[in-house]
file entry.cif (mmCIF, C-alpha atoms and all ligand atoms)
data_work
#
loop_
_atom_site.group_PDB
_atom_site.id
_atom_site.type_symbol
_atom_site.label_atom_id
_atom_site.label_comp_id
_atom_site.auth_asym_id
_atom_site.auth_seq_id
_atom_site.Cartn_x
_atom_site.Cartn_y
_atom_site.Cartn_z
ATOM 1 C CA MET A 816 -10.772 -3.182 5.395
ATOM 2 C CA ASP A 817 -9.590 -4.462 2.007
ATOM 3 C CA PRO A 818 -6.242 -2.677 1.425
ATOM 4 C CA ILE A 819 -7.103 -1.663 -2.158
ATOM 5 C CA ALA A 820 -10.402 -0.081 -1.038
ATOM 6 C CA TYR A 821 -8.529 1.547 1.862
ATOM 7 C CA TRP A 822 -6.064 3.245 -0.489
ATOM 8 C CA ASN A 823 -8.760 4.391 -2.889
ATOM 9 C CA GLU A 824 -11.309 5.587 -0.380
ATOM 10 C CA GLN A 825 -9.386 6.721 2.690
ATOM 11 C CA ALA A 826 -5.628 7.099 2.431
ATOM 12 C CA GLY A 827 -5.295 8.075 -1.257
ATOM 13 C CA PRO A 828 -7.185 11.398 -1.101
ATOM 14 C CA ARG A 829 -5.172 12.315 2.019
ATOM 15 C CA TRP A 830 -1.883 11.467 0.274
ATOM 16 C CA VAL A 831 -2.864 13.656 -2.683
ATOM 17 C CA ALA A 832 -3.716 16.569 -0.370
ATOM 18 C CA LEU A 833 -0.370 16.181 1.452
ATOM 19 C CA GLN A 834 1.672 15.219 -1.609
ATOM 20 C CA GLU A 835 4.227 18.043 -1.438
ATOM 21 C CA GLN A 836 4.979 17.439 2.237
ATOM 22 C CA LEU A 837 5.096 13.650 1.847
ATOM 23 C CA ASP A 838 7.508 13.961 -1.063
ATOM 24 C CA ARG A 839 9.748 16.253 0.974
ATOM 25 C CA LEU A 840 9.697 13.753 3.847
ATOM 26 C CA LEU A 841 10.168 10.509 1.969
ATOM 27 C CA ASN A 842 12.483 11.696 -0.798
ATOM 28 C CA PRO A 843 15.778 11.170 1.072
ATOM 29 C CA LEU A 844 14.793 7.590 1.951
ATOM 30 C CA GLY A 845 13.723 6.823 -1.625
ATOM 31 C CA LEU A 846 16.930 8.328 -3.035
ATOM 32 C CA ARG A 847 19.002 6.194 -0.671
ATOM 33 C CA ALA A 848 17.387 3.055 -2.129
ATOM 34 C CA MET A 849 17.519 4.377 -5.695
ATOM 35 C CA LYS A 850 21.272 4.848 -5.372
ATOM 36 C CA GLU A 851 21.615 1.099 -4.701
ATOM 37 C CA ALA A 852 19.445 0.312 -7.737
ATOM 38 C CA ALA A 853 22.047 2.063 -9.963
ATOM 39 C CA ILE A 854 19.576 2.541 -12.803
ATOM 40 C CA ARG A 855 21.198 2.941 -16.218
ATOM 41 C CA PRO A 856 20.045 4.849 -19.301
ATOM 42 C CA GLY A 857 17.851 2.700 -21.547
ATOM 43 C CA GLU A 858 16.586 0.388 -18.785
ATOM 44 C CA ARG A 859 12.959 -0.575 -18.106
ATOM 45 C CA VAL A 860 12.100 0.017 -14.426
ATOM 46 C CA LEU A 861 8.928 -0.790 -12.507
ATOM 47 C CA ASP A 862 8.052 1.407 -9.493
ATOM 48 C CA VAL A 863 5.675 -0.579 -7.247
ATOM 49 C CA GLY A 864 3.074 1.391 -5.272
ATOM 50 C CA CYS A 865 4.261 4.579 -6.971
ATOM 51 C CA GLY A 866 1.578 6.759 -5.372
ATOM 52 C CA CYS A 867 1.748 10.362 -6.586
ATOM 53 C CA GLY A 868 4.751 9.526 -8.767
ATOM 54 C CA GLN A 869 7.788 11.373 -7.398
ATOM 55 C CA SER A 870 10.043 8.316 -7.491
ATOM 56 C CA THR A 871 8.764 7.205 -10.909
ATOM 57 C CA LEU A 872 9.638 10.600 -12.366
ATOM 58 C CA GLN A 873 13.100 10.394 -10.793
ATOM 59 C CA LEU A 874 13.543 6.927 -12.311
ATOM 60 C CA SER A 875 12.368 8.160 -15.714
ATOM 61 C CA GLU A 876 15.046 10.839 -15.592
ATOM 62 C CA GLN A 877 17.633 8.127 -14.939
ATOM 63 C CA VAL A 878 16.495 5.779 -17.741
ATOM 64 C CA GLY A 879 16.282 8.684 -20.205
ATOM 65 C CA ALA A 880 14.573 8.815 -23.586
ATOM 66 C CA ASP A 881 15.623 5.258 -24.539
ATOM 67 C CA GLY A 882 14.281 3.690 -21.341
ATOM 68 C CA LEU A 883 10.973 3.446 -19.540
ATOM 69 C CA ALA A 884 9.848 3.932 -15.934
ATOM 70 C CA VAL A 885 6.433 2.468 -15.166
ATOM 71 C CA GLY A 886 4.693 3.444 -11.938
ATOM 72 C CA VAL A 887 2.066 0.944 -10.869
ATOM 73 C CA ASP A 888 -0.518 1.603 -8.188
ATOM 74 C CA VAL A 889 -4.040 0.596 -7.201
ATOM 75 C CA CYS A 890 -5.105 4.109 -6.192
ATOM 76 C CA GLN A 891 -6.851 6.092 -8.870
ATOM 77 C CA VAL A 892 -6.539 9.576 -7.343
ATOM 78 C CA MET A 893 -2.830 9.199 -6.606
ATOM 79 C CA LEU A 894 -2.223 8.005 -10.171
ATOM 80 C CA ALA A 895 -4.174 10.992 -11.502
ATOM 81 C CA ARG A 896 -1.788 13.286 -9.589
ATOM 82 C CA ALA A 897 1.216 11.306 -10.884
ATOM 83 C CA ARG A 898 0.051 11.608 -14.510
ATOM 84 C CA GLN A 899 -0.587 15.313 -14.070
ATOM 85 C CA ARG A 900 2.967 15.790 -12.771
ATOM 86 C CA ALA A 901 4.409 13.808 -15.675
ATOM 87 C CA ASN A 902 2.510 16.031 -18.110
ATOM 88 C CA TRP A 903 3.881 19.140 -16.423
ATOM 89 C CA SER A 904 7.447 17.853 -16.534
ATOM 90 C CA ALA A 905 9.565 17.210 -19.580
ATOM 91 C CA LEU A 906 9.730 13.531 -18.637
ATOM 92 C CA ASN A 907 6.402 12.325 -19.947
ATOM 93 C CA TRP A 908 8.091 10.452 -22.787
ATOM 94 C CA SER A 909 9.706 7.947 -20.463
ATOM 95 C CA ALA A 910 7.210 7.684 -17.571
ATOM 96 C CA LEU A 911 3.978 5.707 -17.660
ATOM 97 C CA PHE A 912 1.475 5.098 -14.879
ATOM 98 C CA TRP A 913 -0.622 1.954 -14.750
ATOM 99 C CA GLN A 914 -3.565 1.285 -12.454
ATOM 100 C CA ALA A 915 -3.119 -2.368 -11.459
ATOM 101 C CA ASP A 916 -2.645 -4.671 -8.481
ATOM 102 C CA ALA A 917 1.102 -5.310 -8.401
ATOM 103 C CA ALA A 918 0.437 -8.633 -6.650
ATOM 104 C CA SER A 919 -1.124 -10.187 -9.738
ATOM 105 C CA HIS A 920 -0.604 -8.008 -12.829
ATOM 106 C CA PRO A 921 1.079 -10.051 -15.641
ATOM 107 C CA PHE A 922 4.230 -7.887 -15.809
ATOM 108 C CA HIS A 923 6.186 -10.929 -17.068
ATOM 109 C CA GLU A 924 4.628 -10.474 -20.528
ATOM 110 C CA ASP A 925 7.065 -7.569 -21.020
ATOM 111 C CA PRO A 926 9.711 -7.881 -18.286
ATOM 112 C CA PHE A 927 11.737 -5.187 -16.524
ATOM 113 C CA ASP A 928 15.433 -4.707 -15.728
ATOM 114 C CA ALA A 929 14.692 -3.458 -12.223
ATOM 115 C CA VAL A 930 11.846 -3.322 -9.731
ATOM 116 C CA PHE A 931 11.960 -0.410 -7.284
ATOM 117 C CA SER A 932 9.650 0.532 -4.444
ATOM 118 C CA ARG A 933 9.514 3.369 -1.921
ATOM 119 C CA PHE A 934 7.240 2.118 0.861
ATOM 120 C CA GLY A 935 4.923 0.314 -1.587
ATOM 121 C CA LEU A 936 5.488 -3.350 -0.682
ATOM 122 C CA MET A 937 3.796 -3.580 2.713
ATOM 123 C CA PHE A 938 0.164 -3.634 1.693
ATOM 124 C CA PHE A 939 -0.257 -7.003 -0.028
ATOM 125 C CA SER A 940 -2.917 -9.345 1.389
ATOM 126 C CA HIS A 941 -0.843 -12.320 0.168
ATOM 127 C CA PRO A 942 2.771 -11.100 0.226
ATOM 128 C CA GLN A 943 4.269 -14.423 -0.806
ATOM 129 C CA GLN A 944 2.329 -14.477 -4.094
ATOM 130 C CA ALA A 945 2.941 -10.776 -4.627
ATOM 131 C CA PHE A 946 6.710 -11.059 -4.189
ATOM 132 C CA ALA A 947 6.757 -14.044 -6.567
ATOM 133 C CA ASN A 948 4.855 -11.950 -9.119
ATOM 134 C CA LEU A 949 7.400 -9.135 -8.777
ATOM 135 C CA ARG A 950 10.253 -11.598 -9.247
ATOM 136 C CA ARG A 951 8.588 -12.823 -12.455
ATOM 137 C CA ALA A 952 8.328 -9.180 -13.579
ATOM 138 C CA LEU A 953 12.140 -9.176 -13.953
ATOM 139 C CA TYR A 954 14.449 -10.551 -16.624
ATOM 140 C CA PRO A 955 16.894 -13.119 -15.188
ATOM 141 C CA GLY A 956 19.595 -11.025 -13.506
ATOM 142 C CA GLY A 957 17.153 -8.154 -12.987
ATOM 143 C CA ARG A 958 17.275 -6.474 -9.590
ATOM 144 C CA MET A 959 14.737 -5.555 -6.939
ATOM 145 C CA VAL A 960 15.524 -2.655 -4.595
ATOM 146 C CA ALA A 961 13.031 -1.323 -2.078
ATOM 147 C CA VAL A 962 12.756 0.601 1.153
ATOM 148 C CA CYS A 963 10.252 -0.190 3.896
ATOM 149 C CA TRP A 964 9.759 0.718 7.557
ATOM 150 C CA ARG A 965 11.139 -1.056 10.584
ATOM 151 C CA ASP A 966 8.915 -1.045 13.689
ATOM 152 C CA LEU A 967 6.545 1.746 14.708
ATOM 153 C CA GLU A 968 8.386 2.262 18.017
ATOM 154 C CA GLN A 969 11.526 3.174 16.039
ATOM 155 C CA ASN A 970 9.703 5.603 13.741
ATOM 156 C CA PRO A 971 8.469 8.763 15.494
ATOM 157 C CA LEU A 972 6.846 9.779 12.193
ATOM 158 C CA PHE A 973 4.082 7.373 13.238
ATOM 159 C CA GLU A 974 4.717 6.968 16.949
ATOM 160 C CA VAL A 975 4.978 10.521 18.277
ATOM 161 C CA ALA A 976 1.363 11.484 17.443
ATOM 162 C CA LEU A 977 0.144 8.317 19.202
ATOM 163 C CA ARG A 978 2.289 9.233 22.202
ATOM 164 C CA ALA A 979 0.663 12.675 22.179
ATOM 165 C CA ALA A 980 -2.820 11.121 22.024
ATOM 166 C CA ALA A 981 -2.225 8.474 24.716
ATOM 167 C CA PRO A 982 -3.249 10.579 27.768
ATOM 168 C CA PHE A 983 -6.532 11.584 26.126
ATOM 169 C CA LEU A 984 -7.697 8.700 23.909
ATOM 170 C CA ASP A 985 -7.782 4.901 23.992
ATOM 171 C CA LEU A 986 -5.097 3.717 21.604
ATOM 172 C CA PRO A 987 -5.982 0.740 19.400
ATOM 173 C CA ASP A 988 -3.922 -2.447 19.513
ATOM 174 C CA PRO A 989 -1.117 -2.307 16.944
ATOM 175 C CA THR A 990 -1.946 -3.969 13.585
ATOM 176 C CA PRO A 991 -0.516 -7.527 13.641
ATOM 177 C CA HIS A 992 2.500 -7.913 11.352
ATOM 178 C CA ASP A 993 0.746 -10.616 9.322
ATOM 179 C CA LEU A 994 -1.851 -8.110 8.077
ATOM 180 C CA PRO A 995 -1.216 -5.468 5.393
ATOM 181 C CA GLY A 996 0.003 -2.192 6.865
ATOM 182 C CA PRO A 997 3.061 0.077 7.042
ATOM 183 C CA PHE A 998 4.864 -2.269 9.474
ATOM 184 C CA SER A 999 4.036 -5.623 7.887
ATOM 185 C CA LEU A 1000 7.676 -6.083 6.749
ATOM 186 C CA ALA A 1001 9.170 -4.744 9.971
ATOM 187 C CA PRO A 1002 9.995 -8.043 11.760
ATOM 188 C CA PRO A 1003 13.696 -8.860 11.252
ATOM 189 C CA GLY A 1004 14.140 -11.562 8.612
ATOM 190 C CA LYS A 1005 10.579 -11.418 7.255
ATOM 191 C CA ALA A 1006 11.208 -9.494 4.023
ATOM 192 C CA GLU A 1007 14.409 -11.456 3.445
ATOM 193 C CA GLN A 1008 12.468 -14.717 3.741
ATOM 194 C CA LEU A 1009 9.763 -13.501 1.350
ATOM 195 C CA LEU A 1010 12.356 -12.540 -1.259
ATOM 196 C CA ILE A 1011 14.122 -15.893 -0.984
ATOM 197 C CA GLN A 1012 10.819 -17.816 -1.237
ATOM 198 C CA ALA A 1013 9.910 -15.718 -4.290
ATOM 199 C CA GLY A 1014 13.042 -16.937 -6.115
ATOM 200 C CA PHE A 1015 15.397 -13.995 -5.557
ATOM 201 C CA ALA A 1016 19.136 -14.624 -5.106
ATOM 202 C CA ALA A 1017 21.787 -12.475 -3.397
ATOM 203 C CA VAL A 1018 19.088 -11.285 -0.996
ATOM 204 C CA GLN A 1019 20.051 -8.518 1.409
ATOM 205 C CA CYS A 1020 17.980 -6.736 3.988
ATOM 206 C CA GLN A 1021 20.075 -3.976 5.534
ATOM 207 C CA PRO A 1022 18.897 -1.678 8.309
ATOM 208 C CA PHE A 1023 19.495 2.011 7.767
ATOM 209 C CA GLU A 1024 18.597 5.158 9.643
ATOM 210 C CA ASP A 1025 18.100 8.705 8.494
ATOM 211 C CA ARG A 1026 16.397 11.843 9.765
ATOM 212 C CA ILE A 1027 13.576 13.369 7.777
ATOM 213 C CA SER A 1028 11.778 16.692 7.979
ATOM 214 C CA VAL A 1029 8.586 18.215 6.742
ATOM 215 C CA GLY A 1030 9.412 21.704 8.028
ATOM 216 C CA GLY A 1031 9.154 23.766 11.186
ATOM 217 C CA LEU A 1032 7.292 23.099 14.429
ATOM 218 C CA GLU A 1033 3.850 24.333 13.351
ATOM 219 C CA GLU A 1034 3.902 22.630 9.966
ATOM 220 C CA SER A 1035 5.195 19.359 11.455
ATOM 221 C CA THR A 1036 2.509 19.397 14.171
ATOM 222 C CA ASP A 1037 -0.318 19.964 11.672
ATOM 223 C CA PHE A 1038 1.110 17.381 9.292
ATOM 224 C CA LEU A 1039 1.500 14.617 11.882
ATOM 225 C CA LEU A 1040 -2.131 14.983 12.966
ATOM 226 C CA GLN A 1041 -3.184 14.175 9.404
ATOM 227 C CA MET A 1042 -1.054 11.058 8.861
ATOM 228 C CA GLY A 1043 -0.819 7.541 10.211
ATOM 229 C CA PRO A 1044 -2.625 5.625 12.940
ATOM 230 C CA VAL A 1045 -3.713 8.727 14.890
ATOM 231 C CA VAL A 1046 -6.058 9.890 12.105
ATOM 232 C CA PRO A 1047 -9.017 7.555 12.842
ATOM 233 C CA LEU A 1048 -8.688 8.287 16.570
ATOM 234 C CA LEU A 1049 -8.901 12.043 16.055
ATOM 235 C CA ALA A 1050 -11.826 11.653 13.650
ATOM 236 C CA GLU A 1051 -13.884 10.329 16.574
ATOM 237 C CA ALA A 1052 -12.571 12.818 19.159
ATOM 238 C CA THR A 1053 -14.165 16.075 20.351
ATOM 239 C CA PRO A 1054 -12.600 19.394 19.217
ATOM 240 C CA CYS A 1055 -11.386 19.925 22.781
ATOM 241 C CA THR A 1056 -9.548 16.582 22.812
ATOM 242 C CA VAL A 1057 -8.055 17.260 19.388
ATOM 243 C CA ALA A 1058 -6.738 20.580 20.721
ATOM 244 C CA GLN A 1059 -5.207 18.805 23.741
ATOM 245 C CA VAL A 1060 -3.506 16.216 21.539
ATOM 246 C CA LYS A 1061 -2.214 18.941 19.255
ATOM 247 C CA ALA A 1062 -0.758 20.940 22.152
ATOM 248 C CA ARG A 1063 0.992 17.859 23.536
ATOM 249 C CA LEU A 1064 2.299 16.864 20.105
ATOM 250 C CA ARG A 1065 3.710 20.347 19.610
ATOM 251 C CA GLN A 1066 5.458 19.966 22.970
ATOM 252 C CA LEU A 1067 6.838 16.489 22.160
ATOM 253 C CA LEU A 1068 8.124 17.632 18.774
ATOM 254 C CA GLN A 1069 10.326 20.223 20.456
ATOM 255 C CA ASP A 1070 12.651 17.323 21.320
ATOM 256 C CA TYR A 1071 13.299 16.927 17.581
ATOM 257 C CA GLN A 1072 13.580 20.617 16.757
ATOM 258 C CA THR A 1073 16.765 21.998 15.212
ATOM 259 C CA SER A 1074 17.587 25.405 13.755
ATOM 260 C CA ALA A 1075 16.684 23.940 10.323
ATOM 261 C CA GLY A 1076 13.296 22.517 11.375
ATOM 262 C CA VAL A 1077 11.884 19.426 13.076
ATOM 263 C CA PHE A 1078 13.903 16.335 12.116
ATOM 264 C CA LEU A 1079 12.460 12.917 12.952
ATOM 265 C CA PRO A 1080 14.693 9.856 13.121
ATOM 266 C CA THR A 1081 13.581 6.922 10.928
ATOM 267 C CA ALA A 1082 14.464 3.223 10.987
ATOM 268 C CA ASN A 1083 14.196 1.437 7.645
ATOM 269 C CA TRP A 1084 15.062 -1.713 5.781
ATOM 270 C CA LEU A 1085 16.823 -1.572 2.433
ATOM 271 C CA LEU A 1086 15.795 -4.732 0.544
ATOM 272 C CA GLN A 1087 17.725 -6.081 -2.403
ATOM 273 C CA GLY A 1088 17.597 -9.212 -4.518
ATOM 274 C CA ILE A 1089 18.387 -10.501 -7.989
ATOM 275 C CA SER A 1090 15.947 -12.503 -10.091
ATOM 276 C CA GLN A 1091 17.687 -15.766 -10.834
ATOM 277 C CA GLN A 1092 15.017 -17.454 -12.933
ATOM 278 C CA ALA A 1093 13.492 -16.843 -16.325
ATOM 279 C CA ALA A 1094 10.177 -14.975 -16.160
HETATM 280 C C1 LIG A 1101 2.903 4.275 1.588
HETATM 281 S S1 LIG A 1101 2.284 4.604 -0.013
HETATM 282 C C2 LIG A 1101 3.773 4.992 -0.885
HETATM 283 C C3 LIG A 1101 3.536 5.800 -2.139
HETATM 284 C C4 LIG A 1101 4.783 6.239 -2.882
HETATM 285 N N1 LIG A 1101 5.638 5.124 -3.220
HETATM 286 C C5 LIG A 1101 5.551 7.252 -2.079
HETATM 287 O O1 LIG A 1101 6.592 6.900 -1.512
HETATM 288 O O2 LIG A 1101 5.118 8.417 -2.018
HETATM 289 C C6 LIG A 1101 1.902 2.969 -0.604
HETATM 290 C C7 LIG A 1101 1.369 2.934 -2.005
HETATM 291 O O3 LIG A 1101 1.190 1.549 -2.377
HETATM 292 C C8 LIG A 1101 0.003 1.461 -3.133
HETATM 293 N N2 LIG A 1101 -0.471 0.062 -3.117
HETATM 294 C C9 LIG A 1101 -1.024 -0.615 -2.076
HETATM 295 N N3 LIG A 1101 -1.312 -1.880 -2.440
HETATM 296 C C10 LIG A 1101 -0.935 -2.004 -3.745
HETATM 297 C C11 LIG A 1101 -1.005 -3.080 -4.697
HETATM 298 N N4 LIG A 1101 -1.492 -4.270 -4.363
HETATM 299 N N5 LIG A 1101 -0.550 -2.862 -5.955
HETATM 300 C C12 LIG A 1101 -0.042 -1.628 -6.307
HETATM 301 N N6 LIG A 1101 0.034 -0.581 -5.451
HETATM 302 C C13 LIG A 1101 -0.402 -0.765 -4.186
HETATM 303 C C14 LIG A 1101 -0.941 2.449 -2.454
HETATM 304 O O4 LIG A 1101 -2.047 2.801 -3.243
HETATM 305 C C15 LIG A 1101 0.017 3.610 -2.175
HETATM 306 O O5 LIG A 1101 0.079 4.501 -3.245
#
call {"tool": "encode", "arguments": {"input": "entry.cif", "output": "structure tokens", "more": "lines below"}}
Ligand SMILES: C[S@@+](CC[C@H](N)C(=O)[O-])C[C@H]1O[C@@H](n2cnc3c(N)ncnc32)[C@H](O)[C@@H]1O
result
Amino acid sequence: MDPIAYWNEQAGPRWVALQEQLDRLLNPLGLRAMKEAAIRPGERVLDVGCGCGQSTLQLSEQVGADGLAVGVDVCQVMLARARQRANWSALNWSALFWQADAASHPFHEDPFDAVFSRFGLMFFSHPQQAFANLRRALYPGGRMVAVCWRDLEQNPLFEVALRAAAPFLDLPDPTPHDLPGPFSLAPPGKAEQLLIQAGFAAVQCQPFEDRISVGGLEESTDFLLQMGPVVPLLAEATPCTVAQVKARLRQLLQDYQTSAGVFLPTANWLLQGISQQAA
């Protein structure tokens, strides 16, 4: 399915419904990358694939009244949630949300000091062109900082629900890394290569790990059945099979349970580069 249609028609409404839990989960990983971006007051920052806007609002707080944080996304319903949150917060003067394809939008007409992304760079049909467009979005010397997933096997957030489903359902083949999807930048060296080809200098792609939590055992079980590659499998399954998968998932998640909730390990890449050419 075309990735833009996928986000608008399938994943986007789900992300809006689960926005609070997703923000709780992904926030520590986004903040880790944002720390590296070292955003300064007065800067113009682009947040690629901003979704429901949590990271854009955090960036707008950092740039302050003299700066601008622009969240760009293709998904209308997620942007509607992001705009609503900006209106509720005191930050609406320095946060804007644009509906556009980040792969081709002419950002270079009014360049940025920094491009940031929290898990928004993996869904381009033509990543090489998209990364080149994001490099052109920056002033010379401008920086790109992003976080993306390493492989599915290293990320129980996606993998544990599939493991729970395996005894009861036929699992699909994993999406090849050359197609858009959460793990398209997972192969070691791939994102680094894309950044270099796009004209970035001082390119770094560092692995980092962290544990993330959505809450206790019941909440984590319900949440994981609504996210990731298990969702289309369960949509086709009988209620009895869904109940079996849920019971097994609940059991598997006990391995990750602590007194503070269920904590899942994650394996990520932290991507960084500097634009070395004029837009
Ligand atoms: C995994 S979600 C991450 C959302 C948000 N950054 C977060 O961390 O909550 C990926 C986001 O990228 C957006 N996206 C996918 N392809 C895009 C494109 N070509 N241009 C802009 N946004 C895109 C999706 O609509 C979705 O909101």
call {"tool": "closest_residue", "arguments": {"input": "entry.cif", "among": "A:Leu844, A:Ala918, A:Ala901, A:Leu1079", "to": "ligand LIG 1101 (chain A)", "atoms": "all atoms listed in the file"}}
result
A:Ala918
call {"tool": "residues_around", "arguments": {"input": "entry.cif", "residues": "A:Asp993", "least_positions_apart": "5", "cutoff": "10 Å", "atoms": "all atoms listed in the file", "output": "NGL selection string"}}
result
:A and (940-942 or 998-1000 or 1002)
call {"tool": "atom_distance", "arguments": {"input": "entry.cif", "atom1": "atom CA of A:Val831", "atom2": "atom C9 of ligand LIG 1101 (chain A)"}}
result
14.4 Å
call {"tool": "resolve_selection", "arguments": {"input": "entry.cif", "expression": "the PyMOL selection byres (((not hetatm)) within 7 of (chain A and resi 1101))", "output": "number ranges by chain"}}
result
A: 818-819, 822-823, 827, 837-838, 841, 863-870, 887-890, 893, 915-918, 932-936, 938-939, 997
call {"tool": "closest_residue", "arguments": {"input": "entry.cif", "among": "A:Ala979, A:Ala895, A:Leu949, A:Ala848", "to": "A:Leu1009", "atoms": "all atoms listed in the file"}}
result
A:Leu949
call {"tool": "resolve_selection", "arguments": {"input": "entry.cif", "expression": "the PyMOL selection byres (((chain A and resi 961-972) around 6) and not hetatm)", "output": "PyMOL selection string"}}
result
chain A and resi 931-934+960+973-975+998+1001+1081-1086
call {"tool": "residues_around", "arguments": {"input": "entry.cif", "residues": "A:Pro955", "least_positions_apart": "5", "cutoff": "12 Å", "atoms": "only C-alpha atoms", "output": "list of chain:residue names"}}
result
A:His923, A:Pro926, A:Phe927, A:Asp928, A:Ala929, A:Arg950, A:Gly1014, A:Phe1015, A:Ala1016, A:Gly1088, A:Ile1089, A:Ser1090, A:Gln1091, A:Gln1092, A:Ala1093, A:Ala1094
call {"tool": "closest_residue", "arguments": {"input": "entry.cif", "among": "A:Thr1073, A:Ser909, A:Gln1087, A:Gln1041", "to": "A:Gln825", "atoms": "only C-alpha atoms"}}
result
A:Gln1041
call {"tool": "atom_distance", "arguments": {"input": "entry.cif", "atom1": "atom CA of A:Gln1072", "atom2": "atom CA of A:Met1042"}}
result
19.2 Å
call {"tool": "atom_distance", "arguments": {"input": "entry.cif", "atom1": "atom CA of A:Glu858", "atom2": "atom CA of A:Val878"}}
result
5.5 Å
call {"tool": "residues_around", "arguments": {"input": "entry.cif", "residues": "A:Val1029", "least_positions_apart": "2", "cutoff": "12 Å", "atoms": "all atoms listed in the file", "output": "JSON, numbers by chain"}}
result
{"A": [833, 834, 835, 836, 837, 838, 839, 840, 841, 842, 843, 972, 1026, 1027, 1031, 1032, 1033, 1034, 1035, 1036, 1037, 1038, 1039, 1071, 1072, 1075, 1076, 1077, 1078, 1079]}
call {"tool": "closest_atom_pairs", "arguments": {"input": "entry.cif", "of": "stretch 961-1026 of chain A", "to": "stretch 1050-1057 of chain A", "cutoff": "9 Å", "atoms": "all atoms listed in the file", "output": "Markdown table"}}
result
| residue | atom | partner | partner_atom | distance |
| --- | --- | --- | --- | --- |
| A:Ala980 | CA | A:Val1057 | CA | 8.5 |
| A:Phe983 | CA | A:Thr1056 | CA | 6.7 |
| A:Leu984 | CA | A:Ala1052 | CA | 8.0 |
call {"tool": "closest_residue", "arguments": {"input": "entry.cif", "among": "A:Pro1022, A:Met959, A:Tyr954, A:Pro1044", "to": "A:Asp988", "atoms": "all atoms listed in the file"}}
result
A:Pro1044
call {"tool": "closest_residue", "arguments": {"input": "entry.cif", "among": "A:Arg896, A:His992, A:Arg958, A:Arg855", "to": "A:Pro828", "atoms": "only C-alpha atoms"}}
result
A:Arg896
call {"tool": "closest_residue", "arguments": {"input": "entry.cif", "among": "A:Trp908, A:Tyr821, A:Trp830, A:Phe946", "to": "A:Ala884", "atoms": "all atoms listed in the file"}}
result
A:Trp908
call {"tool": "residues_around", "arguments": {"input": "entry.cif", "residues": "A:Gln1012", "least_positions_apart": "4", "cutoff": "10 Å", "atoms": "only C-alpha atoms", "output": "number ranges by chain"}}
result
A: 943-944, 946-947, 1006-1008, 1016
